[in-house]
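Asks: Have a peek at run07.pdb (PDB, C-alpha atoms (C1' of nucleotides)).
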ATOM      1  CA  MET Q   1       0.000   0.000   0.000  1.00  0.00           C
ATOM      2  CA  ALA Q   2       2.791   2.464   0.838  1.00  0.00           C
ATOM      3  CA  HIS Q   3       4.132   3.877  -2.399  1.00  0.00           C
ATOM      4  CA  TYR Q   4       7.356   5.335  -3.741  1.00  0.00           C
ATOM      5  CA  VAL Q   5       8.667   6.955  -6.904  1.00  0.00           C
ATOM      6  CA  HIS Q   6      10.684   4.761  -9.250  1.00  0.00           C
ATOM      7  CA  LEU Q   7      13.298   7.431  -9.986  1.00  0.00           C
ATOM      8  CA  HIS Q   8      15.441   5.225 -12.159  1.00  0.00           C
ATOM      9  CA  ASP Q   9      16.081   1.621 -13.162  1.00  0.00           C
ATOM     10  CA  TRP Q  10      18.731  -0.372 -11.344  1.00  0.00           C
ATOM     11  CA  PRO Q  11      22.018  -1.119 -13.123  1.00  0.00           C
ATOM     12  CA  THR Q  12      22.297  -4.634 -14.567  1.00  0.00           C
ATOM     13  CA  GLY Q  13      24.917  -6.579 -16.443  1.00  0.00           C
ATOM     14  CA  PRO Q  14      28.535  -7.554 -15.839  1.00  0.00           C
ATOM     15  CA  VAL Q  15      29.936  -6.548 -12.462  1.00  0.00           C
ATOM     16  CA  GLU Q  16      32.542  -4.178 -13.883  1.00  0.00           C
ATOM     17  CA  ARG Q  17      29.854  -2.143 -15.621  1.00  0.00           C
ATOM     18  CA  LEU Q  18      27.564  -2.167 -12.586  1.00  0.00           C
ATOM     19  CA  SER Q  19      30.042  -0.142 -10.596  1.00  0.00           C
ATOM     20  CA  THR Q  20      30.527   2.449 -13.339  1.00  0.00           C
ATOM     21  CA  GLU Q  21      26.786   2.842 -13.880  1.00  0.00           C
ATOM     22  CA  ALA Q  22      26.104   3.096 -10.160  1.00  0.00           C
ATOM     23  CA  VAL Q  23      28.634   5.866  -9.595  1.00  0.00           C
ATOM     24  CA  LEU Q  24      27.268   7.699 -12.635  1.00  0.00           C
ATOM     25  CA  LEU Q  25      23.768   7.500 -11.140  1.00  0.00           C
ATOM     26  CA  GLN Q  26      24.964   8.747  -7.764  1.00  0.00           C
ATOM     27  CA  ASN Q  27      26.575  11.765  -9.375  1.00  0.00           C
ATOM     28  CA  ARG Q  28      23.405  12.467 -11.303  1.00  0.00           C
ATOM     29  CA  LEU Q  29      21.162  12.129  -8.224  1.00  0.00           C
ATOM     30  CA  ARG Q  30      23.254  13.877  -5.590  1.00  0.00           C
ATOM     31  CA  ASP Q  31      21.946  17.348  -6.427  1.00  0.00           C
ATOM     32  CA  GLN Q  32      18.384  16.249  -5.738  1.00  0.00           C
ATOM     33  CA  VAL Q  33      19.152  15.485  -2.105  1.00  0.00           C
ATOM     34  CA  ARG Q  34      17.847  18.209   0.191  1.00  0.00           C
ATOM     35  CA  ILE Q  35      19.191  18.691   3.715  1.00  0.00           C
ATOM     36  CA  GLU Q  36      16.701  20.845   5.595  1.00  0.00           C
ATOM     37  CA  PRO Q  37      14.598  20.901   8.780  1.00  0.00           C
ATOM     38  CA  LEU Q  38      11.512  18.691   8.988  1.00  0.00           C
ATOM     39  CA  THR Q  39       8.258  20.184   7.737  1.00  0.00           C
ATOM     40  CA  LYS Q  40       6.158  18.590  10.452  1.00  0.00           C
ATOM     41  CA  THR Q  41       6.642  16.728  13.703  1.00  0.00           C
ATOM     42  CA  PRO Q  42       6.884  12.988  12.961  1.00  0.00           C
ATOM     43  CA  GLU Q  43       4.702  10.516  14.825  1.00  0.00           C
ATOM     44  CA  THR Q  44       6.012   7.301  13.289  1.00  0.00           C
ATOM     45  CA  ILE Q  45       9.473   6.084  12.365  1.00  0.00           C
ATOM     46  CA  ALA Q  46      10.587   3.040  10.383  1.00  0.00           C
ATOM     47  CA  GLY Q  47      13.722   0.950  10.686  1.00  0.00           C
ATOM     48  CA  CYS Q  48      15.068  -1.096   7.750  1.00  0.00           C
ATOM     49  CA  ASP Q  49      17.520  -3.947   7.366  1.00  0.00           C
ATOM     50  CA  ILE Q  50      18.428  -6.922   5.220  1.00  0.00           C
ATOM     51  CA  SER Q  51      19.934 -10.264   6.125  1.00  0.00           C
ATOM     52  CA  PHE Q  52      21.356 -13.094   4.031  1.00  0.00           C
ATOM     53  CA  ASN Q  53      23.390 -16.258   4.144  1.00  0.00           C
ATOM     54  CA  LYS Q  54      26.983 -15.789   3.118  1.00  0.00           C
ATOM     55  CA  PHE Q  55      27.681 -16.763  -0.500  1.00  0.00           C
ATOM     56  CA  GLU Q  56      23.986 -16.835  -1.317  1.00  0.00           C
ATOM     57  CA  GLU Q  57      22.074 -14.344  -3.455  1.00  0.00           C
ATOM     58  CA  THR Q  58      18.817 -14.616  -1.519  1.00  0.00           C
ATOM     59  CA  VAL Q  59      18.203 -11.665   0.769  1.00  0.00           C
ATOM     60  CA  TYR Q  60      15.645 -11.131   3.495  1.00  0.00           C
ATOM     61  CA  ALA Q  61      14.511  -7.515   3.739  1.00  0.00           C
ATOM     62  CA  GLY Q  62      12.344  -6.046   6.423  1.00  0.00           C
ATOM     63  CA  ILE Q  63      10.883  -2.819   7.748  1.00  0.00           C
ATOM     64  CA  VAL Q  64       9.494  -2.185  11.227  1.00  0.00           C
ATOM     65  CA  VAL Q  65       7.334   0.839  11.987  1.00  0.00           C
ATOM     66  CA  LEU Q  66       7.117   2.246  15.495  1.00  0.00           C
ATOM     67  CA  ARG Q  67       5.383   5.103  17.222  1.00  0.00           C
ATOM     68  CA  LEU Q  68       7.906   7.716  18.222  1.00  0.00           C
ATOM     69  CA  ASP Q  69       6.267   8.542  21.536  1.00  0.00           C
ATOM     70  CA  THR Q  70       6.008   5.036  22.993  1.00  0.00           C
ATOM     71  CA  LEU Q  71       8.388   3.147  20.691  1.00  0.00           C
ATOM     72  CA  GLU Q  72       5.802   0.406  20.324  1.00  0.00           C
ATOM     73  CA  THR Q  73       5.927  -1.561  17.077  1.00  0.00           C
ATOM     74  CA  ILE Q  74       2.824  -0.851  15.040  1.00  0.00           C
ATOM     75  CA  GLU Q  75       3.647  -2.672  11.796  1.00  0.00           C
ATOM     76  CA  GLU Q  76       6.169  -5.034  10.237  1.00  0.00           C
ATOM     77  CA  ALA Q  77       6.753  -6.091   6.648  1.00  0.00           C
ATOM     78  CA  GLY Q  78       9.250  -8.552   5.253  1.00  0.00           C
ATOM     79  CA  VAL Q  79      10.160 -10.054   1.886  1.00  0.00           C
ATOM     80  CA  VAL Q  80      12.427 -12.769   0.560  1.00  0.00           C
ATOM     81  CA  SER Q  81      14.109 -11.485  -2.543  1.00  0.00           C
ATOM     82  CA  THR Q  82      17.346 -11.644  -4.479  1.00  0.00           C
ATOM     83  CA  ALA Q  83      20.190  -9.125  -4.465  1.00  0.00           C
ATOM     84  CA  PRO Q  84      20.820  -7.751  -7.958  1.00  0.00           C
ATOM     85  CA  PHE Q  85      24.078  -6.175  -6.882  1.00  0.00           C
ATOM     86  CA  PRO Q  86      27.145  -7.243  -4.860  1.00  0.00           C
ATOM     87  CA  TYR Q  87      28.281  -5.398  -1.765  1.00  0.00           C
ATOM     88  CA  ILE Q  88      30.741  -2.718  -2.806  1.00  0.00           C
ATOM     89  CA  PRO Q  89      31.768  -0.010  -0.314  1.00  0.00           C
ATOM     90  CA  GLY Q  90      30.102   3.222  -1.428  1.00  0.00           C
ATOM     91  CA  LEU Q  91      27.458   1.393  -3.465  1.00  0.00           C
ATOM     92  CA  LEU Q  92      25.477  -0.283  -0.684  1.00  0.00           C
ATOM     93  CA  SER Q  93      22.208   1.330  -1.746  1.00  0.00           C
ATOM     94  CA  PHE Q  94      22.210  -0.540  -5.053  1.00  0.00           C
ATOM     95  CA  ARG Q  95      22.312  -3.823  -3.183  1.00  0.00           C
ATOM     96  CA  GLU Q  96      19.774  -3.053  -0.477  1.00  0.00           C
ATOM     97  CA  ILE Q  97      17.206  -0.563  -1.751  1.00  0.00           C
ATOM     98  CA  PRO Q  98      15.471  -2.771  -4.362  1.00  0.00           C
ATOM     99  CA  SER Q  99      14.398  -5.405  -1.837  1.00  0.00           C
ATOM    100  CA  LEU Q 100      13.605  -2.796   0.814  1.00  0.00           C
ATOM    101  CA  LEU Q 101      11.236  -1.127  -1.635  1.00  0.00           C
ATOM    102  CA  GLU Q 102       9.437  -4.448  -2.038  1.00  0.00           C
ATOM    103  CA  ALA Q 103       8.910  -4.554   1.714  1.00  0.00           C
ATOM    104  CA  TRP Q 104       7.891  -0.886   1.703  1.00  0.00           C
ATOM    105  CA  GLN Q 105       5.102  -1.649  -0.754  1.00  0.00           C
ATOM    106  CA  LYS Q 106       3.611  -4.061   1.734  1.00  0.00           C
ATOM    107  CA  LEU Q 107       3.236  -1.439   4.444  1.00  0.00           C
ATOM    108  CA  LYS Q 108      -0.229  -0.077   5.152  1.00  0.00           C
ATOM    109  CA  ILE Q 109       1.234   2.802   7.157  1.00  0.00           C
ATOM    110  CA  GLU Q 110       3.420   5.391   5.425  1.00  0.00           C
ATOM    111  CA  PRO Q 111       6.094   6.164   8.067  1.00  0.00           C
ATOM    112  CA  ASP Q 112       6.811   9.850   8.720  1.00  0.00           C
ATOM    113  CA  VAL Q 113      10.572   9.306   8.820  1.00  0.00           C
ATOM    114  CA  VAL Q 114      12.835   6.379   7.950  1.00  0.00           C
ATOM    115  CA  MET Q 115      16.056   5.303   9.634  1.00  0.00           C
ATOM    116  CA  PHE Q 116      18.633   3.277   7.693  1.00  0.00           C
ATOM    117  CA  ASP Q 117      21.390   0.965   8.800  1.00  0.00           C
ATOM    118  CA  GLY Q 118      24.163   2.833   6.972  1.00  0.00           C
ATOM    119  CA  HIS Q 119      24.899   6.432   6.005  1.00  0.00           C
ATOM    120  CA  GLY Q 120      23.206   9.362   4.330  1.00  0.00           C
ATOM    121  CA  THR Q 121      25.503  12.290   3.518  1.00  0.00           C
ATOM    122  CA  ALA Q 122      28.428  10.641   5.315  1.00  0.00           C
ATOM    123  CA  HIS Q 123      29.379   9.152   1.973  1.00  0.00           C
ATOM    124  CA  PRO Q 124      32.169   9.920  -0.516  1.00  0.00           C
ATOM    125  CA  ARG Q 125      29.648  11.437  -2.942  1.00  0.00           C
ATOM    126  CA  ARG Q 126      27.173  12.512  -0.221  1.00  0.00           C
ATOM    127  CA  ILE Q 127      24.539  10.030  -1.306  1.00  0.00           C
ATOM    128  CA  GLY Q 128      24.608   6.967   0.902  1.00  0.00           C
ATOM    129  CA  ILE Q 129      21.681   4.548   1.191  1.00  0.00           C
ATOM    130  CA  ALA Q 130      19.614   6.867   3.397  1.00  0.00           C
ATOM    131  CA  SER Q 131      19.825   9.734   0.905  1.00  0.00           C
ATOM    132  CA  HIS Q 132      19.300   7.538  -2.126  1.00  0.00           C
ATOM    133  CA  ALA Q 133      16.274   5.832  -0.600  1.00  0.00           C
ATOM    134  CA  GLY Q 134      14.928   9.196   0.534  1.00  0.00           C
ATOM    135  CA  LEU Q 135      14.668  10.267  -3.089  1.00  0.00           C
ATOM    136  CA  PHE Q 136      12.597   7.179  -3.938  1.00  0.00           C
ATOM    137  CA  LEU Q 137      10.411   7.446  -0.831  1.00  0.00           C
ATOM    138  CA  ASN Q 138      10.151  11.233  -1.048  1.00  0.00           C
ATOM    139  CA  ARG Q 139      10.105  11.642   2.724  1.00  0.00           C
ATOM    140  CA  PRO Q 140      12.543  12.330   5.579  1.00  0.00           C
ATOM    141  CA  THR Q 141      15.280   9.706   5.912  1.00  0.00           C
ATOM    142  CA  PHE Q 142      18.571   9.463   7.762  1.00  0.00           C
ATOM    143  CA  GLY Q 143      21.346   6.997   8.358  1.00  0.00           C
ATOM    144  CA  CYS Q 144      22.600   5.538  11.595  1.00  0.00           C
ATOM    145  CA  GLY Q 145      25.595   3.312  10.922  1.00  0.00           C
ATOM    146  CA  LYS Q 146      27.749   1.182  13.167  1.00  0.00           C
ATOM    147  CA  SER Q 147      31.033   2.078  11.485  1.00  0.00           C
ATOM    148  CA  VAL Q 148      32.570   4.800   9.340  1.00  0.00           C
ATOM    149  CA  LEU Q 149      32.733   4.792   5.554  1.00  0.00           C
ATOM    150  CA  VAL Q 150      34.437   8.171   5.155  1.00  0.00           C
ATOM    151  CA  GLY Q 151      35.193  11.092   7.430  1.00  0.00           C
ATOM    152  CA  LYS Q 152      37.130  11.924  10.581  1.00  0.00           C
ATOM    153  CA  TYR Q 153      35.922  12.918  14.023  1.00  0.00           C
ATOM    154  CA  ASP Q 154      37.109  13.568  17.546  1.00  0.00           C
ATOM    155  CA  GLU Q 155      35.931  11.036  20.105  1.00  0.00           C
ATOM    156  CA  PRO Q 156      32.773  12.388  21.772  1.00  0.00           C
ATOM    157  CA  ALA Q 157      32.579  12.483  25.600  1.00  0.00           C
ATOM    158  CA  PRO Q 158      31.706   9.039  27.086  1.00  0.00           C
ATOM    159  CA  GLU Q 159      28.205   9.864  28.310  1.00  0.00           C
ATOM    160  CA  ARG Q 160      25.129   9.125  26.234  1.00  0.00           C
ATOM    161  CA  GLY Q 161      23.921  12.122  24.235  1.00  0.00           C
ATOM    162  CA  ASN Q 162      27.337  13.581  23.432  1.00  0.00           C
ATOM    163  CA  TRP Q 163      28.389  13.837  19.843  1.00  0.00           C
ATOM    164  CA  SER Q 164      31.064  15.338  17.643  1.00  0.00           C
ATOM    165  CA  PRO Q 165      30.922  16.285  13.965  1.00  0.00           C
ATOM    166  CA  MET Q 166      32.306  14.021  11.262  1.00  0.00           C
ATOM    167  CA  THR Q 167      34.089  15.886   8.495  1.00  0.00           C
ATOM    168  CA  HIS Q 168      35.212  14.939   5.027  1.00  0.00           C
ATOM    169  CA  TYR Q 169      37.090  17.375   2.819  1.00  0.00           C
ATOM    170  CA  ARG Q 170      36.369  20.210   5.224  1.00  0.00           C
ATOM    171  CA  GLU Q 171      32.629  19.476   5.122  1.00  0.00           C
ATOM    172  CA  VAL Q 172      30.477  18.383   8.069  1.00  0.00           C
ATOM    173  CA  ILE Q 173      28.849  15.191   6.821  1.00  0.00           C
ATOM    174  CA  GLY Q 174      27.434  13.660   9.984  1.00  0.00           C
ATOM    175  CA  ALA Q 175      28.051  13.007  13.663  1.00  0.00           C
ATOM    176  CA  ALA Q 176      29.604  10.375  15.911  1.00  0.00           C
ATOM    177  CA  LEU Q 177      26.863  10.039  18.526  1.00  0.00           C
ATOM    178  CA  ARG Q 178      27.078   8.305  21.882  1.00  0.00           C
ATOM    179  CA  THR Q 179      23.786   6.437  22.373  1.00  0.00           C
ATOM    180  CA  LYS Q 180      24.989   4.648  25.504  1.00  0.00           C
ATOM    181  CA  ASN Q 181      27.514   5.463  28.225  1.00  0.00           C
ATOM    182  CA  LYS Q 182      31.051   4.286  27.574  1.00  0.00           C
ATOM    183  CA  VAL Q 183      30.099   2.385  24.434  1.00  0.00           C
ATOM    184  CA  ASN Q 184      31.297   3.045  20.891  1.00  0.00           C
ATOM    185  CA  PRO Q 185      29.318   5.764  19.127  1.00  0.00           C
ATOM    186  CA  VAL Q 186      26.995   5.259  16.163  1.00  0.00           C
ATOM    187  CA  TYR Q 187      27.375   7.420  13.076  1.00  0.00           C
ATOM    188  CA  VAL Q 188      24.405   9.591  12.213  1.00  0.00           C
ATOM    189  CA  SER Q 189      23.935  11.558   9.017  1.00  0.00           C
ATOM    190  CA  PRO Q 190      20.940  13.111   7.278  1.00  0.00           C
ATOM    191  CA  GLY Q 191      19.587  11.309   4.263  1.00  0.00           C
ATOM    192  CA  HIS Q 192      16.980  13.566   2.641  1.00  0.00           C
ATOM    193  CA  LEU Q 193      14.430  16.176   3.794  1.00  0.00           C
ATOM    194  CA  ILE Q 194      15.942  16.349   7.304  1.00  0.00           C
ATOM    195  CA  ASP Q 195      18.938  18.005   8.937  1.00  0.00           C
ATOM    196  CA  LEU Q 196      21.719  16.577  11.086  1.00  0.00           C
ATOM    197  CA  GLU Q 197      20.455  17.984  14.372  1.00  0.00           C
ATOM    198  CA  THR Q 198      17.031  16.413  13.898  1.00  0.00           C
ATOM    199  CA  ALA Q 199      18.533  13.083  12.865  1.00  0.00           C
ATOM    200  CA  ILE Q 200      20.576  13.083  16.072  1.00  0.00           C
ATOM    201  CA  ALA Q 201      17.536  13.981  18.196  1.00  0.00           C
ATOM    202  CA  LEU Q 202      15.457  11.216  16.624  1.00  0.00           C
ATOM    203  CA  THR Q 203      18.210   8.668  17.139  1.00  0.00           C
ATOM    204  CA  LEU Q 204      18.349   9.553  20.835  1.00  0.00           C
ATOM    205  CA  GLN Q 205      14.569   9.485  21.055  1.00  0.00           C
ATOM    206  CA  CYS Q 206      14.608   5.888  19.794  1.00  0.00           C
ATOM    207  CA  ASN Q 207      16.638   4.703  22.757  1.00  0.00           C
ATOM    208  CA  GLY Q 208      15.882   1.218  24.004  1.00  0.00           C
ATOM    209  CA  GLY Q 209      18.897   0.873  26.256  1.00  0.00           C
ATOM    210  CA  TYR Q 210      21.147  -0.505  23.535  1.00  0.00           C
ATOM    211  CA  ARG Q 211      23.790   1.098  21.348  1.00  0.00           C
ATOM    212  CA  ILE Q 212      21.677   0.452  18.271  1.00  0.00           C
ATOM    213  CA  PRO Q 213      18.456   2.500  18.183  1.00  0.00           C
ATOM    214  CA  GLU Q 214      15.183   0.549  18.300  1.00  0.00           C
ATOM    215  CA  PRO Q 215      13.988   0.919  14.688  1.00  0.00           C
ATOM    216  CA  THR Q 216      17.171  -0.641  13.315  1.00  0.00           C
ATOM    217  CA  ARG Q 217      17.454  -3.165  16.126  1.00  0.00           C
ATOM    218  CA  ARG Q 218      13.923  -4.444  15.587  1.00  0.00           C
ATOM    219  CA  ALA Q 219      14.324  -4.543  11.817  1.00  0.00           C
ATOM    220  CA  HIS Q 220      17.504  -6.541  12.330  1.00  0.00           C
ATOM    221  CA  ASN Q 221      15.685  -9.017  14.562  1.00  0.00           C
ATOM    222  CA  LEU Q 222      12.854  -9.297  12.074  1.00  0.00           C
ATOM    223  CA  VAL Q 223      15.013 -10.124   9.063  1.00  0.00           C
ATOM    224  CA  ASN Q 224      17.104 -12.604  10.997  1.00  0.00           C
ATOM    225  CA  ALA Q 225      13.976 -14.401  12.171  1.00  0.00           C
ATOM    226  CA  LEU Q 226      12.792 -14.382   8.572  1.00  0.00           C
ATOM    227  CA  ARG Q 227      16.067 -15.819   7.316  1.00  0.00           C
ATOM    228  CA  ARG Q 228      16.028 -18.550   9.933  1.00  0.00           C
ATOM    229  CA  GLY Q 229      12.452 -19.353   8.991  1.00  0.00           C
ATOM    230  CA  GLU Q 230      11.005 -18.889  12.447  1.00  0.00           C
ATOM    231  CA  GLN Q 231       7.290 -19.676  12.853  1.00  0.00           C
ATOM    232  CA  GLY Q 232       5.588 -16.513  14.074  1.00  0.00           C
ATOM    233  CA  ASP Q 233       7.214 -14.274  11.525  1.00  0.00           C
ATOM    234  CA  LEU Q 234       6.300 -16.140   8.352  1.00  0.00           C
ATOM    235  CA  SER Q 235       2.683 -15.123   8.884  1.00  0.00           C
ATOM    236  CA  LYS Q 236       3.541 -11.466   8.479  1.00  0.00           C
ATOM    237  CA  LEU Q 237       4.629 -11.957   4.891  1.00  0.00           C
TER     238      LEU Q 237
ATOM    239  C1'  DG K   7      51.498   3.905  -5.513  1.00  0.00           C
ATOM    240  C1'  DC K   8      49.379   2.373  -0.912  1.00  0.00           C
ATOM    241  C1'  DG K   9      45.769   1.825   2.250  1.00  0.00           C
ATOM    242  C1'  DA K  10      40.709   2.293   3.507  1.00  0.00           C
ATOM    243  C1'  DC K  11      36.447   0.631   2.554  1.00  0.00           C
ATOM    244  C1'  DA K  12      28.476   1.453   5.287  1.00  0.00           C
ATOM    245  C1'  DG K  13      26.246  -3.834   5.167  1.00  0.00           C
TER     246       DG K  13
ATOM    247  C1'  DA E  15      26.811  -9.046   6.553  1.00  0.00           C
ATOM    248  C1'  DT E  16      27.706 -14.085   8.509  1.00  0.00           C
ATOM    249  C1'  DC E  17      30.166 -17.964  11.111  1.00  0.00           C
ATOM    250  C1'  DT E  18      30.133 -18.722  16.930  1.00  0.00           C
ATOM    251  C1'  DT E  19      31.841 -19.683  23.098  1.00  0.00           C
ATOM    252  C1'  DG E  20      33.742 -17.987  26.167  1.00  0.00           C
ATOM    253  C1'  DT E  21      35.230 -14.175  28.547  1.00  0.00           C
ATOM    254  C1'  DC E  22      36.790  -9.425  30.290  1.00  0.00           C
ATOM    255  C1'  DG E  23      34.789  -5.381  32.538  1.00  0.00           C
ATOM    256  C1'  DC E  24      31.304  -2.352  34.707  1.00  0.00           C
TER     257       DC E  24
END
Output the structure of this file as structure tokens.
Replies:
Amino acid sequence: MAHYVHLHDWPTGPVERLSTEAVLLQNRLRDQVRIEPLTKTPETIAGCDISFNKFEETVYAGIVVLRLDTLETIEEAGVVSTAPFPYIPGLLSFREIPSLLEAWQKLKIEPDVVMFDGHGTAHPRRIGIASHAGLFLNRPTFGCGKSVLVGKYDEPAPERGNWSPMTHYREVIGAALRTKNKVNPVYVSPGHLIDLETAIALTLQCNGGYRIPEPTRRAHNLVNALRRGEQGDLSKL
DNA sequence: GCGACAG
DNA sequence: ATCTTGTCGC
């Protein structure tokens, strides 16, 4: 039910050409990404993730929607699909977005904002998976990754809530944010139709007591259960 | 040229 | 990402 705009077709063909086409697309799309404050206060947030067995092309994609005020899960959608693209640093969106869009189509609710397991502007060409997907979904998106792709930062203070800017070529591209005391930070960056400060605030708002914010954590649990073929979750397909 | 490199 | 048990530290 939830819809999206099919901005462009996905690169196909021999692996060496895939990479060239993908980078060309990123350079063509990067100017469409808009980093700006939210237009309205979000009530729902979605978390996305994919899982797969090593050396296999089958991927399990899932999206979990939660209410921002209570963090209760209000909808889940999952699909078993096939990855049309290999994992290449900097080109993650081409591997994960297609199957995530399939799961998105199954949602009845259209989430107000979407969190991705990866980066948004904290990307060599400023168009990581969160930004790229934001263009298709045409709604606020941001990335919250567990490790750095590009950029440098000073270690934020050890208490939860502290953060320091990540820079790349003199540009602020995101933030290293402490979501839990004395635990490694997560890397937050705006994707599309949102700004860094808001992305940080939302990440902190999604606290469940773990380093990884709830939307991503629940999506991760969902796709792993799907991959392992656990009973209760097959019904949600 | 060498090293780094989201999931 | 995935494969996996125990183990160090608060």
Asks: Select residues of chain K: the criterion is any atom within 10 Å of an atom of chain Q, counting only C-alpha atoms (C1' of nucleotides); output as a PyMOL selection string.
Replies: chain K and resi 10-13
Asks: Set out as a Markdown table a contact list for chain E and chain Q with a cut-off of 12 Å, giving each residue of chain E that qualifies its closest atom pair and distance in Å to one decimal, counting all atoms listed in the file, ordered by chain and rising residue number.
Replies:
| residue | atom | partner | partner_atom | distance |
| --- | --- | --- | --- | --- |
| E:DA15 | C1' | Q:Ser51 | CA | 7.0 |
| E:DT16 | C1' | Q:Lys54 | CA | 5.7 |
| E:DC17 | C1' | Q:Lys54 | CA | 8.9 |
| E:DG23 | C1' | Q:Lys182 | CA | 11.5 |
| E:DC24 | C1' | Q:Lys182 | CA | 9.7 |
Asks: Measure the distance from atom CA of Leu38 of chain Q to atom CA of Leu193 of chain Q in Å and round it to one decimal.
Replies: 6.5 Å
Asks: To one decimal in Å, tell me the separation between atom CA of Glu159 of chain Q and atom CA of Asn181 of chain Q.
Replies: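 Going from atom CA of Glu159 of chain Q over to atom CA of Asn181 of chain Q, I get 4.5 Å.
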Asks: Extract, using only C-alpha atoms (C1' of nucleotides), all DNA, RNA and protein residues at most 12 Å from Arg28 of chain Q, discarding same-chain residues fewer than 2 positions from it, and format them as a list in words.
Replies: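 Here the answer would be Leu7, His8, Glu21, Ala22, Val23, Leu24, Leu25, Gln26, Arg30, Asp31, Gln32, Val33, Arg125, Arg126, Ile127 and His132 of chain Q.
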Asks: How many Å lie between atom CA of Phe142 of chain Q and atom CA of Leu68 of chain Q, rounded to one decimal?
Replies: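 About the pair atom CA of Phe142 of chain Q and atom CA of Leu68 of chain Q: they are 15.0 Å apart.
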Asks: So what does the PyMOL selection byres ((chain Q and resi 192) around 10) actually pick up in this one, as an MDAnalysis selection string?
Replies: chainID Q and resid 32:38 113:114 120:121 127 130:135 137:143 189:191 193:195
Asks: Would you kindly return, as a list in words, each protein, DNA or RNA residue with an atom no farther than 8 Å from any atom of Arg67 of chain Q, considering all atoms listed in the file and excluding same-chain residues fewer than 5 positions away?
Replies: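 Final neighbour list, sorted by chain and number: Glu43, Thr44, Ile45, Glu72, Thr73 and Ile74 of chain Q.
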Asks: For the PyMOL selection byres ((chain Q and resi 210) around 12), applied here, can you spell out every residue it catches as a PyMOL selection string?
Replies: chain Q and resi 160+178-186+203-204+206-209+211-218
Asks: Put those residues in a file: C-alpha atoms, as a short mmCIF file (atom, residue, chain, number, x, y, z; two decimals), in the coordinates of the input.
Replies:
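And here's again_22.cif as it stands now:
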data_model
loop_
_atom_site.label_atom_id
_atom_site.label_comp_id
_atom_site.auth_asym_id
_atom_site.auth_seq_id
_atom_site.Cartn_x
_atom_site.Cartn_y
_atom_site.Cartn_z
CA ARG Q 160 25.13 9.12 26.23
CA ARG Q 178 27.08 8.30 21.88
CA THR Q 179 23.79 6.44 22.37
CA LYS Q 180 24.99 4.65 25.50
CA ASN Q 181 27.51 5.46 28.22
CA LYS Q 182 31.05 4.29 27.57
CA VAL Q 183 30.10 2.38 24.43
CA ASN Q 184 31.30 3.04 20.89
CA PRO Q 185 29.32 5.76 19.13
CA VAL Q 186 27.00 5.26 16.16
CA THR Q 203 18.21 8.67 17.14
CA LEU Q 204 18.35 9.55 20.84
CA CYS Q 206 14.61 5.89 19.79
CA ASN Q 207 16.64 4.70 22.76
CA GLY Q 208 15.88 1.22 24.00
CA GLY Q 209 18.90 0.87 26.26
CA ARG Q 211 23.79 1.10 21.35
CA ILE Q 212 21.68 0.45 18.27
CA PRO Q 213 18.46 2.50 18.18
CA GLU Q 214 15.18 0.55 18.30
CA PRO Q 215 13.99 0.92 14.69
CA THR Q 216 17.17 -0.64 13.32
CA ARG Q 217 17.45 -3.16 16.13
CA ARG Q 218 13.92 -4.44 15.59
#
